[in-house]
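Asker: Next comes the structure file target04.txt, holding compact mmCIF, C-alpha atoms (C1' of nucleotides).
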# COMPACT_ATOMS: atom_id res chain seq x y z
CA MET A 1 -43.96 -15.06 -2.20
CA ALA A 2 -43.52 -12.19 0.25
CA ASN A 3 -40.47 -11.18 2.25
CA HIS A 4 -37.69 -10.46 -0.21
CA GLU A 5 -37.59 -13.78 -2.04
CA GLN A 6 -36.47 -16.21 0.62
CA ASP A 7 -36.43 -18.85 -2.12
CA HIS A 8 -33.65 -19.74 -4.51
CA GLY A 9 -34.76 -17.07 -7.00
CA PHE A 10 -32.62 -14.18 -8.15
CA CYS A 11 -32.92 -11.03 -6.07
CA PRO A 12 -30.96 -8.06 -7.44
CA VAL A 13 -30.81 -6.35 -4.04
CA TYR A 14 -29.38 -9.46 -2.42
CA GLU A 15 -26.85 -9.92 -5.20
CA ALA A 16 -25.85 -6.26 -5.21
CA ILE A 17 -25.24 -6.34 -1.46
CA ASN A 18 -23.05 -9.41 -1.94
CA VAL A 19 -20.91 -7.60 -4.48
CA LEU A 20 -20.53 -4.41 -2.48
CA GLN A 21 -19.92 -5.95 0.92
CA GLU A 22 -16.56 -7.41 0.00
CA LYS A 23 -13.78 -5.71 1.89
CA TRP A 24 -12.26 -2.68 0.09
CA THR A 25 -14.70 -2.80 -2.83
CA LEU A 26 -16.58 0.35 -1.91
CA HIS A 27 -13.34 2.14 -1.05
CA ILE A 28 -11.95 1.28 -4.47
CA ILE A 29 -15.07 2.46 -6.28
CA ARG A 30 -15.26 5.61 -4.24
CA ASN A 31 -11.71 6.57 -5.08
CA LEU A 32 -12.16 5.82 -8.77
CA LEU A 33 -15.10 8.22 -8.85
CA ASP A 34 -12.43 10.95 -8.81
CA GLY A 35 -11.00 9.62 -12.07
CA PRO A 36 -8.85 6.77 -13.41
CA LYS A 37 -5.83 5.67 -11.43
CA GLY A 38 -2.84 3.32 -11.73
CA PHE A 39 -2.36 0.40 -9.37
CA ASN A 40 -0.08 2.05 -6.84
CA GLU A 41 -1.93 5.32 -7.09
CA LEU A 42 -5.19 3.54 -6.31
CA SER A 43 -3.49 1.64 -3.52
CA ARG A 44 -2.35 4.87 -1.88
CA ALA A 45 -5.75 6.48 -2.36
CA VAL A 46 -7.60 3.54 -0.83
CA GLY A 47 -5.08 3.38 1.99
CA GLY A 48 -4.39 0.22 3.98
CA CYS A 49 -5.33 -2.43 1.44
CA ASN A 50 -2.48 -4.79 0.71
CA PRO A 51 -1.49 -5.33 -2.94
CA ALA A 52 -2.56 -8.99 -3.03
CA THR A 53 -6.08 -8.13 -1.94
CA LEU A 54 -6.24 -5.07 -4.18
CA ALA A 55 -5.18 -7.09 -7.21
CA GLN A 56 -7.87 -9.65 -6.50
CA ARG A 57 -10.55 -7.00 -6.05
CA VAL A 58 -9.83 -5.08 -9.22
CA GLU A 59 -9.78 -8.35 -11.14
CA ARG A 60 -13.19 -9.34 -9.77
CA LEU A 61 -14.61 -5.87 -10.40
CA GLU A 62 -13.29 -5.97 -13.94
CA GLN A 63 -14.92 -9.36 -14.54
CA MET A 64 -18.19 -7.90 -13.28
CA GLY A 65 -17.96 -4.97 -15.67
CA ILE A 66 -17.73 -2.37 -12.90
CA ILE A 67 -14.22 -1.20 -13.69
CA SER A 68 -12.08 -1.40 -16.79
CA LYS A 69 -8.35 -2.00 -16.92
CA THR A 70 -6.29 -0.42 -19.66
CA ILE A 71 -2.63 -1.13 -20.28
CA HIS A 72 -1.08 1.84 -22.06
CA SER A 73 1.55 0.63 -24.50
CA THR A 74 3.95 3.41 -23.72
CA MET A 75 7.46 2.85 -22.42
CA PRO A 76 7.29 1.91 -19.62
CA PRO A 77 3.82 0.39 -19.88
CA ARG A 78 1.30 1.87 -17.48
CA THR A 79 -1.93 0.42 -16.23
CA SER A 80 -4.99 2.46 -15.50
CA TYR A 81 -8.19 1.49 -13.77
CA ALA A 82 -11.39 3.38 -14.53
CA LEU A 83 -15.07 2.98 -13.75
CA THR A 84 -17.39 1.71 -16.46
CA GLU A 85 -20.93 3.06 -16.80
CA SER A 86 -22.03 0.50 -14.23
CA GLY A 87 -19.28 1.63 -11.88
CA GLN A 88 -20.07 5.31 -12.35
CA ALA A 89 -23.67 4.53 -11.45
CA LEU A 90 -22.46 3.48 -8.00
CA HIS A 91 -21.95 7.17 -7.38
CA GLU A 92 -25.53 7.11 -6.09
CA VAL A 93 -24.70 4.41 -3.57
CA VAL A 94 -21.51 6.10 -2.38
CA GLY A 95 -23.42 9.37 -2.12
CA ALA A 96 -26.12 7.80 0.04
CA ILE A 97 -23.49 6.22 2.27
CA GLY A 98 -21.73 9.57 2.60
CA ARG A 99 -24.90 11.41 3.58
CA TRP A 100 -25.71 8.77 6.16
CA GLY A 101 -22.18 8.87 7.59
CA LYS A 102 -22.24 12.65 7.91
CA GLN A 103 -25.57 12.56 9.70
CA TYR A 104 -25.24 9.53 11.94
CA LEU A 105 -21.61 8.71 12.61
CA PRO A 106 -20.10 10.42 15.65
CA GLN A 107 -17.88 13.28 14.57
CA PRO A 108 -14.75 13.28 16.74
CA VAL A 109 -14.32 16.39 18.88
CA MET A 110 -11.62 18.71 17.60
CA GLY A 111 -8.85 19.72 20.05
CA MET B 1 -6.00 18.94 1.45
CA ALA B 2 -7.67 17.51 -1.63
CA ASN B 3 -8.50 13.90 -2.48
CA HIS B 4 -10.76 12.60 0.27
CA GLU B 5 -8.55 13.26 3.30
CA GLN B 6 -5.68 10.88 2.77
CA ASP B 7 -4.39 12.01 6.16
CA HIS B 8 -5.23 10.63 9.59
CA GLY B 9 -8.30 12.89 9.84
CA PHE B 10 -11.85 11.66 10.27
CA CYS B 11 -13.75 11.09 7.04
CA PRO B 12 -17.42 10.13 7.52
CA VAL B 13 -17.62 8.48 4.08
CA TYR B 14 -14.60 6.33 4.80
CA GLU B 15 -15.91 5.36 8.23
CA ALA B 16 -19.40 4.65 6.92
CA ILE B 17 -18.00 2.35 4.24
CA ASN B 18 -16.02 0.51 6.90
CA VAL B 19 -19.16 -0.12 8.93
CA LEU B 20 -21.28 -1.29 6.00
CA GLN B 21 -18.70 -3.47 4.29
CA GLU B 22 -18.63 -6.08 7.06
CA LYS B 23 -20.08 -9.36 5.86
CA TRP B 24 -23.85 -9.73 6.47
CA THR B 25 -24.27 -6.21 7.85
CA LEU B 26 -26.22 -4.84 4.90
CA HIS B 27 -28.28 -8.02 4.68
CA ILE B 28 -29.21 -7.69 8.35
CA ILE B 29 -30.18 -4.03 7.98
CA ARG B 30 -32.13 -4.69 4.82
CA ASN B 31 -34.19 -7.40 6.46
CA LEU B 32 -34.87 -5.30 9.55
CA LEU B 33 -36.29 -2.56 7.30
CA ASP B 34 -39.36 -4.83 7.07
CA GLY B 35 -39.84 -4.61 10.83
CA PRO B 36 -38.37 -5.99 14.07
CA LYS B 37 -37.37 -9.62 14.24
CA GLY B 38 -36.17 -12.19 16.76
CA PHE B 39 -32.78 -13.85 16.46
CA ASN B 40 -33.79 -16.99 14.60
CA GLU B 41 -36.34 -15.12 12.52
CA LEU B 42 -33.62 -12.67 11.46
CA SER B 43 -31.26 -15.56 10.82
CA ARG B 44 -33.75 -17.21 8.47
CA ALA B 45 -34.52 -13.93 6.73
CA VAL B 46 -30.85 -13.14 6.15
CA GLY B 47 -30.20 -16.70 5.02
CA GLY B 48 -26.79 -18.35 5.23
CA CYS B 49 -25.26 -16.42 8.10
CA ASN B 50 -24.21 -18.68 10.94
CA PRO B 51 -25.39 -17.86 14.48
CA ALA B 52 -21.92 -17.02 15.80
CA THR B 53 -21.39 -14.40 13.13
CA LEU B 54 -24.94 -13.09 13.40
CA ALA B 55 -24.61 -12.68 17.17
CA GLN B 56 -21.38 -10.74 16.72
CA ARG B 57 -22.88 -8.50 14.04
CA VAL B 58 -26.02 -7.56 15.93
CA GLU B 59 -23.88 -6.81 18.98
CA ARG B 60 -21.62 -4.50 17.00
CA LEU B 61 -24.58 -2.81 15.31
CA GLU B 62 -26.21 -2.32 18.67
CA GLN B 63 -23.05 -0.72 20.06
CA MET B 64 -23.04 1.61 17.08
CA GLY B 65 -26.63 2.65 17.70
CA ILE B 66 -27.87 1.24 14.40
CA ILE B 67 -30.11 -1.42 15.86
CA SER B 68 -31.68 -1.87 19.29
CA LYS B 69 -32.16 -5.13 21.14
CA THR B 70 -35.13 -5.61 23.41
CA ILE B 71 -35.63 -8.57 25.67
CA HIS B 72 -39.31 -9.07 26.34
CA SER B 73 -39.73 -10.35 29.87
CA THR B 74 -42.43 -12.76 28.96
CA MET B 75 -42.18 -16.49 29.62
CA PRO B 76 -40.19 -17.64 27.75
CA PRO B 77 -38.22 -14.42 27.27
CA ARG B 78 -38.10 -13.26 23.67
CA THR B 79 -35.57 -11.01 22.02
CA SER B 80 -36.34 -8.59 19.28
CA TYR B 81 -34.03 -6.61 17.09
CA ALA B 82 -35.19 -3.36 15.53
CA LEU B 83 -33.60 -0.51 13.62
CA THR B 84 -32.98 2.77 15.43
CA GLU B 85 -33.43 6.11 13.67
CA SER B 86 -29.87 5.78 12.39
CA GLY B 87 -30.61 2.29 11.11
CA GLN B 88 -33.87 3.35 9.46
CA ALA B 89 -31.93 6.07 7.66
CA LEU B 90 -29.94 3.35 5.92
CA HIS B 91 -33.08 2.73 3.91
CA GLU B 92 -31.63 5.30 1.49
CA VAL B 93 -28.44 3.29 1.09
CA VAL B 94 -30.27 -0.01 0.63
CA GLY B 95 -32.58 1.68 -1.86
CA ALA B 96 -29.66 3.01 -3.90
CA ILE B 97 -28.04 -0.43 -3.89
CA GLY B 98 -31.31 -2.00 -5.02
CA ARG B 99 -31.77 0.42 -7.92
CA TRP B 100 -28.20 -0.18 -9.02
CA GLY B 101 -28.61 -3.96 -8.82
CA LYS B 102 -31.80 -3.88 -10.86
CA GLN B 103 -30.19 -1.78 -13.56
CA TYR B 104 -26.72 -3.24 -13.78
CA LEU B 105 -26.64 -6.79 -12.49
CA PRO B 106 -27.32 -9.45 -15.10
CA GLN B 107 -30.85 -10.80 -14.70
CA PRO B 108 -30.79 -14.58 -15.19
CA VAL B 109 -32.79 -15.79 -18.15
CA MET B 110 -36.04 -17.48 -17.18
CA GLY B 111 -36.74 -21.01 -18.49
C1' DT C 1 27.87 4.51 -14.02
C1' DC C 2 25.55 3.05 -10.32
C1' DA C 3 22.54 3.32 -6.54
C1' DT C 4 17.80 4.51 -5.79
C1' DA C 5 12.96 4.91 -6.88
C1' DT C 6 8.75 3.89 -9.42
C1' DC C 7 5.75 0.94 -11.93
C1' DA C 8 2.58 -3.31 -11.36
C1' DC C 9 2.09 -6.68 -9.29
C1' DT C 10 3.30 -11.92 -7.04
C1' DT C 11 4.87 -14.90 -3.41
C1' DT C 12 5.20 -16.60 1.32
C1' DG C 13 3.89 -17.39 5.81
C1' DT C 14 0.87 -15.72 9.48
C1' DA C 15 -3.13 -13.57 11.67
C1' DT C 16 -7.87 -12.54 11.44
C1' DT C 17 -12.39 -13.73 10.19
C1' DG C 18 -16.17 -16.65 9.07
C1' DT C 19 -17.72 -21.46 8.90
C1' DA C 20 -20.36 -25.88 10.08
C1' DA C 21 -21.81 -28.66 13.56
C1' DA C 22 -23.08 -29.46 17.89
C1' DG C 23 -24.49 -28.11 22.52
C1' DT C 24 -27.05 -25.33 26.35
C1' DA C 25 -31.11 -24.23 28.83
C1' DT C 26 -35.84 -23.10 28.62
C1' DT C 27 -40.74 -23.70 27.07
C1' DT C 28 -44.62 -24.79 24.24
C1' DG C 29 -47.63 -27.97 21.69
C1' DA C 30 -49.08 -32.77 20.32
C1' DT D 1 -43.30 -37.66 27.13
C1' DC D 2 -41.20 -36.27 23.13
C1' DA D 3 -40.24 -33.32 19.22
C1' DA D 4 -39.61 -28.50 18.04
C1' DA D 5 -38.73 -23.70 18.81
C1' DT D 6 -36.69 -19.89 21.53
C1' DA D 7 -31.66 -17.44 21.76
C1' DC D 8 -27.73 -18.03 21.56
C1' DT D 9 -22.48 -20.25 22.81
C1' DT D 10 -18.70 -23.38 22.07
C1' DT D 11 -15.32 -25.79 19.39
C1' DA D 12 -12.54 -26.89 15.73
C1' DC D 13 -11.64 -25.92 10.99
C1' DA D 14 -11.59 -23.39 6.51
C1' DA D 15 -11.43 -19.25 3.96
C1' DT D 16 -9.85 -14.67 3.75
C1' DA D 17 -6.80 -10.86 4.46
C1' DC D 18 -2.51 -9.52 6.34
C1' DA D 19 2.59 -7.69 6.41
C1' DA D 20 6.81 -8.18 4.41
C1' DA D 21 9.62 -9.22 0.93
C1' DG D 22 10.62 -10.15 -3.88
C1' DT D 23 10.35 -9.62 -9.18
C1' DG D 24 11.71 -7.47 -13.36
C1' DA D 25 11.21 -3.67 -16.12
C1' DT D 26 12.34 1.40 -16.57
C1' DA D 27 13.61 5.96 -15.16
C1' DT D 28 16.10 9.43 -12.43
C1' DG D 29 19.60 11.80 -9.93
C1' DA D 30 24.45 12.13 -8.22
Could you write out this file's structure as structure tokens?
Answerer:
Amino acid sequence: MANHEQDHGFCPVYEAINVLQEKWTLHIIRNLLDGPKGFNELSRAVGGCNPATLAQRVERLEQMGIISKTIHSTMPPRTSYALTESGQALHEVVGAIGRWGKQYLPQPVMG
Amino acid sequence: MANHEQDHGFCPVYEAINVLQEKWTLHIIRNLLDGPKGFNELSRAVGGCNPATLAQRVERLEQMGIISKTIHSTMPPRTSYALTESGQALHEVVGAIGRWGKQYLPQPVMG
DNA sequence: TCATATCACTTTGTATTGTAAAGTATTTGA
DNA sequence: TCAAATACTTTACAATACAAAGTGATATGA
């Protein structure tokens, strides 16, 4: 069985790519690396993701144990989204992406 | 200007995430890390991506200088897709994703 | 007091994207 | 001669993401 498990077996690399390739997911994680955020705060930080999509993403990421949602029982109640240990570990991935981007993406010329 | 350039400026991390989050892109790159492949060969390796989408992806990645397409003028003509230096450098990203997947994605229980 | 703004989303209808299935044109091997 | 493989393209449809507006609670400033 060579070549990255072409069969029906479980391949963690394949699965991980499937999780991270969903639109906005990496943006969300990247912004949460700076610290926990509320829904609108996260929305502004991510920039350009509409609330319906964002709500679906954070729900999926919560189910996967990558982020945790906390509703603070203050008045008014506030939500906050934070990375779990699994989510924090994605710092390595975001870091690698950042290094690649800085080296290989064309930097626009400044006026 | 704190917080990851919320403005209209160029952020290489943001741009890099946008490139890599397109569906199948990371799967394509990952499979080409094993060596150059033809269209159908790549299609089988990636698994599940339909030819229309695959054609569009490899075209975009070629435009971005991440992969290179060579048409061998043999009879019949054969195409081969290979990673450029920029594409090879994504080995770091794929590696980081793989390590994360192995550590944090649930391994299915074997029968 | 009352309009305005913020919070965290949800709803609706549309646009974009990805899909399966089939087709094109060529060539090789049985 | 006929099936299979090469590299895709075309078509029609389904899934996804979109903008825009709405919800209901609370808080803030004039």
Asker: Taking only C-alpha atoms (C1' of nucleotides) into account, find every residue of chain D that has an atom no more than 8 Å from chain B, and write it out as a ChimeraX atom specification.
Answerer: /D:6-9
Asker: Take CA of Gly48 (chain A) and CA of Thr84 (chain A) and report the distance between them in Å, one decimal.
Answerer: 24.3 Å
Asker: For the atom pair C1' of DA5 (chain D) and CA of Arg44 (chain B), what is the interatomic distance in Å to one decimal place?
Answerer: 13.2 Å
Asker: Would you kindly return, as number ranges by chain, each protein, DNA or RNA residue with an atom no farther than 6 Å from any atom of region 80-82 of chain A, considering all atoms listed in the file and excluding same-chain residues fewer than 2 positions away?
Answerer: A: 36-38, 67-70
Asker: Which is closest to chain A among C:DA20, C:DA30, C:DC7, C:DA15, if we use all atoms listed in the file?
Answerer: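 Of all the options, C:DC7 lies closest to chain A.
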Asker: I'd like a table as JSON lines: residues in chain A with an atom no more than 7 Å from chain B, each row giving the shortest atom pair and its distance in Å to one decimal, all atoms listed in the file counted, sorted by chain and rising residue number.
Answerer:
{"residue": "A:Gln6", "atom": "CA", "partner": "B:Ala45", "partner_atom": "CA", "distance": 6.8}
{"residue": "A:Pro12", "atom": "CA", "partner": "B:Gly101", "partner_atom": "CA", "distance": 4.9}
{"residue": "A:Val13", "atom": "CA", "partner": "B:Gly98", "partner_atom": "CA", "distance": 4.5}
{"residue": "A:Ala16", "atom": "CA", "partner": "B:Gly101", "partner_atom": "CA", "distance": 5.1}
{"residue": "A:Ile17", "atom": "CA", "partner": "B:Leu26", "partner_atom": "CA", "distance": 6.6}
{"residue": "A:Gln21", "atom": "CA", "partner": "B:Gln21", "partner_atom": "CA", "distance": 4.4}
{"residue": "A:Glu22", "atom": "CA", "partner": "B:Gln21", "partner_atom": "CA", "distance": 6.2}
{"residue": "A:Lys23", "atom": "CA", "partner": "B:Gln21", "partner_atom": "CA", "distance": 5.9}
{"residue": "A:Leu26", "atom": "CA", "partner": "B:Ile17", "partner_atom": "CA", "distance": 6.6}
{"residue": "A:Ala45", "atom": "CA", "partner": "B:Gln6", "partner_atom": "CA", "distance": 6.8}
{"residue": "A:Ser86", "atom": "CA", "partner": "B:Tyr104", "partner_atom": "CA", "distance": 6.0}
{"residue": "A:Ala89", "atom": "CA", "partner": "B:Trp100", "partner_atom": "CA", "distance": 7.0}
{"residue": "A:Leu90", "atom": "CA", "partner": "B:Trp100", "partner_atom": "CA", "distance": 6.9}
{"residue": "A:Glu92", "atom": "CA", "partner": "B:Ala96", "partner_atom": "CA", "distance": 6.2}
{"residue": "A:Val93", "atom": "CA", "partner": "B:Ala96", "partner_atom": "CA", "distance": 5.2}
{"residue": "A:Ala96", "atom": "CA", "partner": "B:Val93", "partner_atom": "CA", "distance": 5.2}
{"residue": "A:Ile97", "atom": "CA", "partner": "B:Val93", "partner_atom": "CA", "distance": 5.9}
{"residue": "A:Gly98", "atom": "CA", "partner": "B:Val13", "partner_atom": "CA", "distance": 4.5}
{"residue": "A:Trp100", "atom": "CA", "partner": "B:Leu90", "partner_atom": "CA", "distance": 6.9}
{"residue": "A:Gly101", "atom": "CA", "partner": "B:Pro12", "partner_atom": "CA", "distance": 4.9}
{"residue": "A:Lys102", "atom": "CA", "partner": "B:Pro12", "partner_atom": "CA", "distance": 5.5}
{"residue": "A:Tyr104", "atom": "CA", "partner": "B:Ser86", "partner_atom": "CA", "distance": 6.0}
{"residue": "A:Leu105", "atom": "CA", "partner": "B:Pro12", "partner_atom": "CA", "distance": 6.7}
Asker: Any chance you could build region 38-67 of chain B out to N, CA and C atoms and write it as a PDB file, keeping the file's coordinate frame?
Answerer:
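Saved result, result.pdb, follows:
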ATOM      1  N   GLY B  38     -36.930 -11.445  15.765  1.00  0.00           N
ATOM      2  CA  GLY B  38     -36.170 -12.190  16.760  1.00  0.00           C
ATOM      3  C   GLY B  38     -34.909 -12.753  16.130  1.00  0.00           C
ATOM      4  N   PHE B  39     -34.078 -13.381  16.939  1.00  0.00           N
ATOM      5  CA  PHE B  39     -32.780 -13.850  16.460  1.00  0.00           C
ATOM      6  C   PHE B  39     -32.900 -14.892  15.345  1.00  0.00           C
ATOM      7  N   ASN B  40     -33.654 -15.934  15.597  1.00  0.00           N
ATOM      8  CA  ASN B  40     -33.790 -16.990  14.600  1.00  0.00           C
ATOM      9  C   ASN B  40     -34.555 -16.533  13.368  1.00  0.00           C
ATOM     10  N   GLU B  41     -35.538 -15.694  13.613  1.00  0.00           N
ATOM     11  CA  GLU B  41     -36.340 -15.120  12.520  1.00  0.00           C
ATOM     12  C   GLU B  41     -35.422 -14.305  11.594  1.00  0.00           C
ATOM     13  N   LEU B  42     -34.582 -13.479  12.210  1.00  0.00           N
ATOM     14  CA  LEU B  42     -33.620 -12.670  11.460  1.00  0.00           C
ATOM     15  C   LEU B  42     -32.638 -13.578  10.720  1.00  0.00           C
ATOM     16  N   SER B  43     -32.198 -14.601  11.404  1.00  0.00           N
ATOM     17  CA  SER B  43     -31.260 -15.560  10.820  1.00  0.00           C
ATOM     18  C   SER B  43     -31.831 -16.195   9.554  1.00  0.00           C
ATOM     19  N   ARG B  44     -33.103 -16.614   9.635  1.00  0.00           N
ATOM     20  CA  ARG B  44     -33.750 -17.210   8.470  1.00  0.00           C
ATOM     21  C   ARG B  44     -33.941 -16.201   7.349  1.00  0.00           C
ATOM     22  N   ALA B  45     -34.295 -14.975   7.727  1.00  0.00           N
ATOM     23  CA  ALA B  45     -34.520 -13.930   6.730  1.00  0.00           C
ATOM     24  C   ALA B  45     -33.224 -13.601   5.983  1.00  0.00           C
ATOM     25  N   VAL B  46     -32.146 -13.462   6.739  1.00  0.00           N
ATOM     26  CA  VAL B  46     -30.850 -13.140   6.150  1.00  0.00           C
ATOM     27  C   VAL B  46     -30.399 -14.303   5.265  1.00  0.00           C
ATOM     28  N   GLY B  47     -30.497 -15.495   5.799  1.00  0.00           N
ATOM     29  CA  GLY B  47     -30.200 -16.700   5.020  1.00  0.00           C
ATOM     30  C   GLY B  47     -28.730 -16.961   4.804  1.00  0.00           C
ATOM     31  N   GLY B  48     -28.175 -17.956   5.489  1.00  0.00           N
ATOM     32  CA  GLY B  48     -26.790 -18.350   5.230  1.00  0.00           C
ATOM     33  C   GLY B  48     -25.768 -17.837   6.225  1.00  0.00           C
ATOM     34  N   CYS B  49     -26.185 -16.948   7.093  1.00  0.00           N
ATOM     35  CA  CYS B  49     -25.260 -16.420   8.100  1.00  0.00           C
ATOM     36  C   CYS B  49     -25.302 -17.316   9.328  1.00  0.00           C
ATOM     37  N   ASN B  50     -24.155 -17.770   9.796  1.00  0.00           N
ATOM     38  CA  ASN B  50     -24.210 -18.680  10.940  1.00  0.00           C
ATOM     39  C   ASN B  50     -24.413 -17.904  12.242  1.00  0.00           C
ATOM     40  N   PRO B  51     -25.003 -18.555  13.246  1.00  0.00           N
ATOM     41  CA  PRO B  51     -25.390 -17.860  14.480  1.00  0.00           C
ATOM     42  C   PRO B  51     -24.247 -17.137  15.185  1.00  0.00           C
ATOM     43  N   ALA B  52     -23.047 -17.680  15.143  1.00  0.00           N
ATOM     44  CA  ALA B  52     -21.920 -17.020  15.800  1.00  0.00           C
ATOM     45  C   ALA B  52     -21.653 -15.655  15.169  1.00  0.00           C
ATOM     46  N   THR B  53     -21.633 -15.649  13.849  1.00  0.00           N
ATOM     47  CA  THR B  53     -21.390 -14.400  13.130  1.00  0.00           C
ATOM     48  C   THR B  53     -22.553 -13.427  13.332  1.00  0.00           C
ATOM     49  N   LEU B  54     -23.768 -13.941  13.229  1.00  0.00           N
ATOM     50  CA  LEU B  54     -24.940 -13.090  13.400  1.00  0.00           C
ATOM     51  C   LEU B  54     -24.959 -12.428  14.777  1.00  0.00           C
ATOM     52  N   ALA B  55     -24.643 -13.217  15.804  1.00  0.00           N
ATOM     53  CA  ALA B  55     -24.610 -12.680  17.170  1.00  0.00           C
ATOM     54  C   ALA B  55     -23.587 -11.553  17.282  1.00  0.00           C
ATOM     55  N   GLN B  56     -22.430 -11.758  16.663  1.00  0.00           N
ATOM     56  CA  GLN B  56     -21.380 -10.740  16.720  1.00  0.00           C
ATOM     57  C   GLN B  56     -21.806  -9.473  15.977  1.00  0.00           C
ATOM     58  N   ARG B  57     -22.462  -9.647  14.829  1.00  0.00           N
ATOM     59  CA  ARG B  57     -22.880  -8.500  14.040  1.00  0.00           C
ATOM     60  C   ARG B  57     -23.933  -7.656  14.749  1.00  0.00           C
ATOM     61  N   VAL B  58     -24.955  -8.333  15.263  1.00  0.00           N
ATOM     62  CA  VAL B  58     -26.020  -7.560  15.930  1.00  0.00           C
ATOM     63  C   VAL B  58     -25.473  -6.856  17.170  1.00  0.00           C
ATOM     64  N   GLU B  59     -24.479  -7.462  17.810  1.00  0.00           N
ATOM     65  CA  GLU B  59     -23.880  -6.810  18.980  1.00  0.00           C
ATOM     66  C   GLU B  59     -23.147  -5.538  18.565  1.00  0.00           C
ATOM     67  N   ARG B  60     -22.367  -5.657  17.513  1.00  0.00           N
ATOM     68  CA  ARG B  60     -21.620  -4.500  17.000  1.00  0.00           C
ATOM     69  C   ARG B  60     -22.579  -3.388  16.545  1.00  0.00           C
ATOM     70  N   LEU B  61     -23.626  -3.794  15.824  1.00  0.00           N
ATOM     71  CA  LEU B  61     -24.580  -2.810  15.310  1.00  0.00           C
ATOM     72  C   LEU B  61     -25.358  -2.153  16.443  1.00  0.00           C
ATOM     73  N   GLU B  62     -25.550  -2.887  17.511  1.00  0.00           N
ATOM     74  CA  GLU B  62     -26.210  -2.320  18.670  1.00  0.00           C
ATOM     75  C   GLU B  62     -25.301  -1.283  19.340  1.00  0.00           C
ATOM     76  N   GLN B  63     -24.034  -1.643  19.484  1.00  0.00           N
ATOM     77  CA  GLN B  63     -23.050  -0.720  20.060  1.00  0.00           C
ATOM     78  C   GLN B  63     -22.960   0.575  19.261  1.00  0.00           C
ATOM     79  N   MET B  64     -23.137   0.443  17.954  1.00  0.00           N
ATOM     80  CA  MET B  64     -23.040   1.610  17.080  1.00  0.00           C
ATOM     81  C   MET B  64     -24.327   2.413  17.031  1.00  0.00           C
ATOM     82  N   GLY B  65     -25.351   1.926  17.676  1.00  0.00           N
ATOM     83  CA  GLY B  65     -26.630   2.650  17.700  1.00  0.00           C
ATOM     84  C   GLY B  65     -27.426   2.507  16.412  1.00  0.00           C
ATOM     85  N   ILE B  66     -27.160   1.445  15.653  1.00  0.00           N
ATOM     86  CA  ILE B  66     -27.870   1.240  14.400  1.00  0.00           C
ATOM     87  C   ILE B  66     -29.089   0.336  14.609  1.00  0.00           C
ATOM     88  N   ILE B  67     -28.946  -0.632  15.490  1.00  0.00           N
ATOM     89  CA  ILE B  67     -30.110  -1.420  15.860  1.00  0.00           C
ATOM     90  C   ILE B  67     -30.268  -1.427  17.375  1.00  0.00           C
TER      91      ILE B  67
END
